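Below you'll find the structure, written out as structure tokens, and then a few comments.
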Amino acid sequence: MTTPVERARQSDRAGRWRQPTVWLRLAALGLFALVPLVISSFQATDLAIKIAIFGALVASYDVVIGYTGIVSFGHAMFFGFGAYAVALSVGRLGEPTYGHLLLGYLSGMAVSAAVAVLIGAFSLRVKLIFFAMITLAFAEFAGILAVQWSALSGGEDGLSPKLPGVFAIAYDGGRILGIPVTGKLVTYYFVLTVCTALFLVMARFVASPLGRTLQAIRDNELRAEALGVPTFKLQIVSSSFASVVATIVGGCYVMWVRYVNPESALGVPLMLDVLLMVIIGGIGTLWGGLIGAAVLLAARLLLPDLRGLAALVGGSEIVQRLTERWLLVFGVLFVLVVFFFPKGVLGTARAALARRHRAGAAQEG
Amino acid sequence: MKRAAPTLIVLVLALLPLLGMEPRVYLTLTVAGLAMGMLIFLVASGLTLIFGLMDVLNFAHGALFSWGAYAGFSAALLLDDRAGWVASPSVLRNALALLAAVAAAVLVALVLGVVLERVIVRPVYGQHMFQILITLGATIVLEELIRIVWGPNDQVMPVPASFQGSWDVMDVIVLRVPVIAIGLGLAVYAGLLLLLHRTRVGLIVRAGVESGEMVQVMGHNIYRYFTGVFALGSALAAVGGLMWAVFRQSVSPAMGGEQLIFAFIVVIIGGLGSVTGSLVGALMVGLSYNYVAFLLPKAALGVNMALMVLVLLIRPTGLFGASR
């Protein structure tokens, strides 16, 4: 005896491999895996893995903003916790070992989970809008703390940890199929694996009964509460889960870049980037994070060329300043996207597909 | 008694640091703290009014603060260049220069406020997430525009000569600018209370805070009041920004962002939508910041966070917040 829900799930599962998007995702993964083997330029490899890292970070933010409907400004802080925990544990506890690496990840996750529960516990009780203000205050505080407490965090200069074993820059694993195996290459695949795993976990999370309930709270909190859903608890669970994911991503980031400072890993500028990425990719799409990260990171890579172009056009000081302030362009883009393109790239594409699907079904029927 | 409790707590807290310092130092710090609190109050009161009436959390408030500071900065600079009003020893001319700067700040902020409300905020009423995102986008744009128009670096704010320096009251050094700031803050608080409780517009605004729909049903165009309150809040932020610039004798493009965090903490402590709450919250924040900055310099911002957390734990809606 199967219930209708079970039957729907079974048919969903059976048709899983026929969906084009699954193949699209696998192709994207293959592409990421091939980049360091095919393209020898460091810039391309760096861009690819940063897209994966920030894609995962943005997806974890999407779990909060898109699937739970809470606006947090502290997400970059949790990313920074991960980055600093790994950097400190590997860099400050003597000769780096794998144990230190693991310790860094675990302690970062523990701190993030504790802080996320704490922030959620006294800000989500009242109004969701409090969450935005309080997380912003906390993020600012964490940034100041990282700068001030320089004995531990290295202050503005940041930390540049050395990684253990196969991740070390000096590591040489000979050649496999004619490709030199370096520490950087090992790190690339390690980070890629972790990011892929995180994406799978997050996809599972938002599709789970818990994730569905969260979406119900997002759509109508009063109704969910009336149905007996413990909204407050579940919102805390969701924000803590996303924070822990962001922490792991932060650890990956510091493993790849091998450097962390308050500005690049903790600050409000990073948070703005993440917000822009999630909006460009599409709020509530999860995989849109990859698109948003790709667009923004690629644009930033190409912007210096744009500046050279502007220098050709005119020598006026205002024009000069205008091109220097790329953040202005992003700000305008931000407002425009929120206004005219609120679903982002992936959300808009999905809506268009769904429309075509419905039109096709209507024709058949 | 219940209404007096928060005020009592503030008084006790304000007297507590006397245990750890000389009375003279204490008085100097208290004046500085009160001044800082009053300036934050200017920012927070606008924020809290806008939230109370329109249910909009305005992240662009910090940018309006900076714009006010820069508008006043330009006006003061212009008057100094053309007429020498800032450097002149005449108190009248100095006061006129300051008034002109305030007028410039208010004017710019009123225009910016109306434009922001009409263009940016109005399409997203009722959608909290988009409000936050879009006002944040506006903040980025406004702040970058400051960097483009006035340059990215800190600049020295010309402070009128008679407002510089200090008075010596019985061996206690009292700086002049903080005293002016305290006076201005009290005047604005009194003005706001009068406006809200003694005028017809204030009555409608207060009714709108209670129930906007009802006000509309009674035949008032609530959107016109939205624009007005938004512009008023922007002007208050701009005056706060200008006074902060005079206080610190410098302007920088990022100054608004830092103050916005303070204002948020104040609004949370005082309760969203309450003007009196933001005054009490602002004074608490200003005083405790100054005391702790003197006693334990590194814990200065942390004490405000701790204060906020404490208030949230005891009263989740803030000291004066309506529990709804």
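Letters A, B, ... mark the chains of the structure tokens in the order given; residue numbers begin at 1 per chain; ligand numbers begin at 1, in order shown.
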
Query raised in the report: What residues in stretch 87-333 of chain A get the DSSP label strand (DSSP E or B)? Please answer as a PyMOL selection string.
Result: chain A and resi 159+172-176+179-182+260

Report task. May I ask you to extract the residues of chain B within 7 Å of chain A, using only C-alpha atoms, and to give them as a VMD selection string? Result -> chain B and resid 129 134 137 to 138 140 to 141 144 148 261 264 312 to 313 316 to 317

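Here atom CA of B:Gly183 is placed at a distance of 8.8 Å from atom CA of B:Ala35.
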
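Considering the residues B:Leu64, B:Ala190, B:Leu34, B:Ala103 and counting only C-alpha atoms, B:Val115 has its shortest atom-to-atom contact with B:Leu64.
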
Query - Shell of 12 Å around B:Thr48, only C-alpha atoms, local chain residues under 3 positions omitted, as a PyMOL selection string - result: chain B and resi 40-45+51-59+61+209+229-230+232-234+236-237+263-279+281-282+318+320-321

Could those residues be written to a file, using N, CA and C atoms, as a compact mmCIF listing (two decimals), in the first residue's frame?
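Saved to part.txt:
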# COMPACT_ATOMS: atom_id res chain seq x y z
N ILE B 40 23.75 60.60 17.75
CA ILE B 40 23.20 59.31 17.32
C ILE B 40 21.68 59.37 17.34
N PHE B 41 21.15 60.12 18.34
CA PHE B 41 19.69 60.25 18.44
C PHE B 41 19.12 60.88 17.17
N LEU B 42 19.83 61.87 16.63
CA LEU B 42 19.33 62.51 15.41
C LEU B 42 19.17 61.47 14.30
N VAL B 43 20.15 60.58 14.20
CA VAL B 43 20.08 59.54 13.16
C VAL B 43 19.00 58.52 13.50
N ALA B 44 19.00 58.09 14.77
CA ALA B 44 18.12 56.99 15.15
C ALA B 44 16.66 57.40 15.13
N SER B 45 16.37 58.67 15.49
CA SER B 45 14.97 59.09 15.54
C SER B 45 14.34 59.01 14.15
N PHE B 51 10.59 53.57 10.32
CA PHE B 51 10.16 52.19 10.52
C PHE B 51 8.77 52.12 11.12
N GLY B 52 8.53 52.96 12.13
CA GLY B 52 7.25 52.91 12.81
C GLY B 52 6.09 53.18 11.88
N LEU B 53 6.24 54.20 11.05
CA LEU B 53 5.11 54.59 10.19
C LEU B 53 5.03 53.70 8.96
N MET B 54 6.19 53.49 8.31
CA MET B 54 6.15 52.88 6.97
C MET B 54 6.53 51.41 6.98
N ASP B 55 6.98 50.92 8.13
CA ASP B 55 7.41 49.53 8.20
C ASP B 55 8.57 49.28 7.23
N VAL B 56 9.43 50.29 7.09
CA VAL B 56 10.57 50.17 6.19
C VAL B 56 11.84 50.30 7.01
N LEU B 57 12.74 49.35 6.89
CA LEU B 57 14.04 49.46 7.52
C LEU B 57 14.97 50.10 6.50
N ASN B 58 15.34 51.35 6.75
CA ASN B 58 16.05 52.11 5.74
C ASN B 58 17.57 51.99 5.92
N PHE B 59 18.18 51.11 5.14
CA PHE B 59 19.63 50.97 5.23
C PHE B 59 20.36 52.14 4.60
N HIS B 61 19.96 55.10 5.36
CA HIS B 61 20.00 56.20 6.31
C HIS B 61 21.43 56.66 6.58
N VAL B 209 1.08 55.08 12.45
CA VAL B 209 1.93 54.09 13.10
C VAL B 209 1.06 52.97 13.68
N VAL B 229 7.51 61.93 6.04
CA VAL B 229 8.27 61.38 7.15
C VAL B 229 9.64 60.90 6.69
N PHE B 230 9.66 60.32 5.51
CA PHE B 230 10.96 59.85 4.98
C PHE B 230 11.90 61.04 4.79
N LEU B 232 11.73 63.95 6.30
CA LEU B 232 12.07 64.49 7.62
C LEU B 232 13.17 63.65 8.27
N GLY B 233 13.01 62.33 8.20
CA GLY B 233 14.02 61.43 8.76
C GLY B 233 15.37 61.64 8.09
N SER B 234 15.34 61.81 6.76
CA SER B 234 16.58 62.05 6.02
C SER B 234 17.23 63.34 6.48
N LEU B 236 16.93 64.81 9.38
CA LEU B 236 17.50 64.62 10.72
C LEU B 236 18.85 63.91 10.62
N ALA B 237 18.90 62.88 9.78
CA ALA B 237 20.17 62.17 9.60
C ALA B 237 21.23 63.10 9.07
N ALA B 263 23.18 53.47 15.21
CA ALA B 263 21.76 53.81 15.17
C ALA B 263 20.90 52.56 15.28
N PHE B 264 21.33 51.49 14.62
CA PHE B 264 20.59 50.23 14.71
C PHE B 264 20.55 49.74 16.15
N ILE B 265 21.71 49.77 16.79
CA ILE B 265 21.77 49.31 18.18
C ILE B 265 20.84 50.15 19.05
N VAL B 266 20.87 51.47 18.81
CA VAL B 266 20.01 52.37 19.58
C VAL B 266 18.54 52.06 19.36
N VAL B 267 18.18 51.87 18.08
CA VAL B 267 16.78 51.63 17.75
C VAL B 267 16.31 50.30 18.37
N ILE B 268 17.18 49.32 18.37
CA ILE B 268 16.81 48.03 18.97
C ILE B 268 16.66 48.19 20.49
N ILE B 269 17.59 48.93 21.11
CA ILE B 269 17.51 49.14 22.55
C ILE B 269 16.24 49.91 22.91
N GLY B 270 15.97 50.99 22.16
CA GLY B 270 14.86 51.85 22.51
C GLY B 270 13.51 51.30 22.10
N GLY B 271 13.50 50.43 21.11
CA GLY B 271 12.24 49.91 20.59
C GLY B 271 11.91 50.57 19.26
N LEU B 272 11.62 49.75 18.26
CA LEU B 272 11.34 50.29 16.93
C LEU B 272 10.08 51.14 16.96
N GLY B 273 10.17 52.37 16.46
CA GLY B 273 8.99 53.21 16.36
C GLY B 273 8.83 54.21 17.48
N SER B 274 9.68 54.17 18.51
CA SER B 274 9.52 55.08 19.64
C SER B 274 10.61 56.15 19.64
N VAL B 275 10.19 57.43 19.57
CA VAL B 275 11.17 58.53 19.55
C VAL B 275 11.84 58.67 20.92
N THR B 276 11.03 58.60 21.98
CA THR B 276 11.61 58.68 23.33
C THR B 276 12.57 57.51 23.55
N GLY B 277 12.19 56.34 23.08
CA GLY B 277 13.05 55.17 23.19
C GLY B 277 14.38 55.40 22.53
N SER B 278 14.37 56.03 21.35
CA SER B 278 15.66 56.22 20.70
C SER B 278 16.49 57.28 21.43
N LEU B 279 15.84 58.25 22.08
CA LEU B 279 16.63 59.21 22.86
C LEU B 279 17.31 58.49 24.03
N GLY B 281 17.89 55.28 24.38
CA GLY B 281 18.87 54.33 23.84
C GLY B 281 20.14 55.04 23.40
N ALA B 282 19.98 56.17 22.72
CA ALA B 282 21.14 56.89 22.19
C ALA B 282 22.01 57.41 23.33
N GLY B 318 12.46 45.96 22.98
CA GLY B 318 13.15 47.21 23.29
C GLY B 318 12.50 47.89 24.48
N PHE B 320 11.15 50.88 25.00
CA PHE B 320 9.90 51.60 24.83
C PHE B 320 9.07 51.04 23.68
N GLY B 321 9.46 49.89 23.19
CA GLY B 321 8.79 49.36 22.00
C GLY B 321 7.40 48.85 22.31

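With distances restricted to only C-alpha atoms, B:Met243 is the closest residue to B:Ile180 from B:Met243, B:Ala63, B:Met308, B:Leu47.
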
Query raised in the report: Neighbours of stretch 352-364 of chain A within 12 Å (only C-alpha atoms; same-chain residues fewer than 6 positions away dropped), as a PyMOL selection string?
Result: chain A and resi 20-21+343+345-346

Keeping only C-alpha atoms, write those residues as an mmCIF file, in the first residue's frame.
data_model
loop_
_atom_site.group_PDB
_atom_site.id
_atom_site.type_symbol
_atom_site.label_atom_id
_atom_site.label_comp_id
_atom_site.auth_asym_id
_atom_site.auth_seq_id
_atom_site.Cartn_x
_atom_site.Cartn_y
_atom_site.Cartn_z
ATOM 1 C CA PRO A 20 18.264 17.825 -18.457
ATOM 2 C CA THR A 21 19.359 19.834 -15.408
ATOM 3 C CA LYS A 343 14.362 36.263 -9.810
ATOM 4 C CA VAL A 345 19.318 34.416 -14.010
ATOM 5 C CA LEU A 346 18.358 30.957 -12.867
#
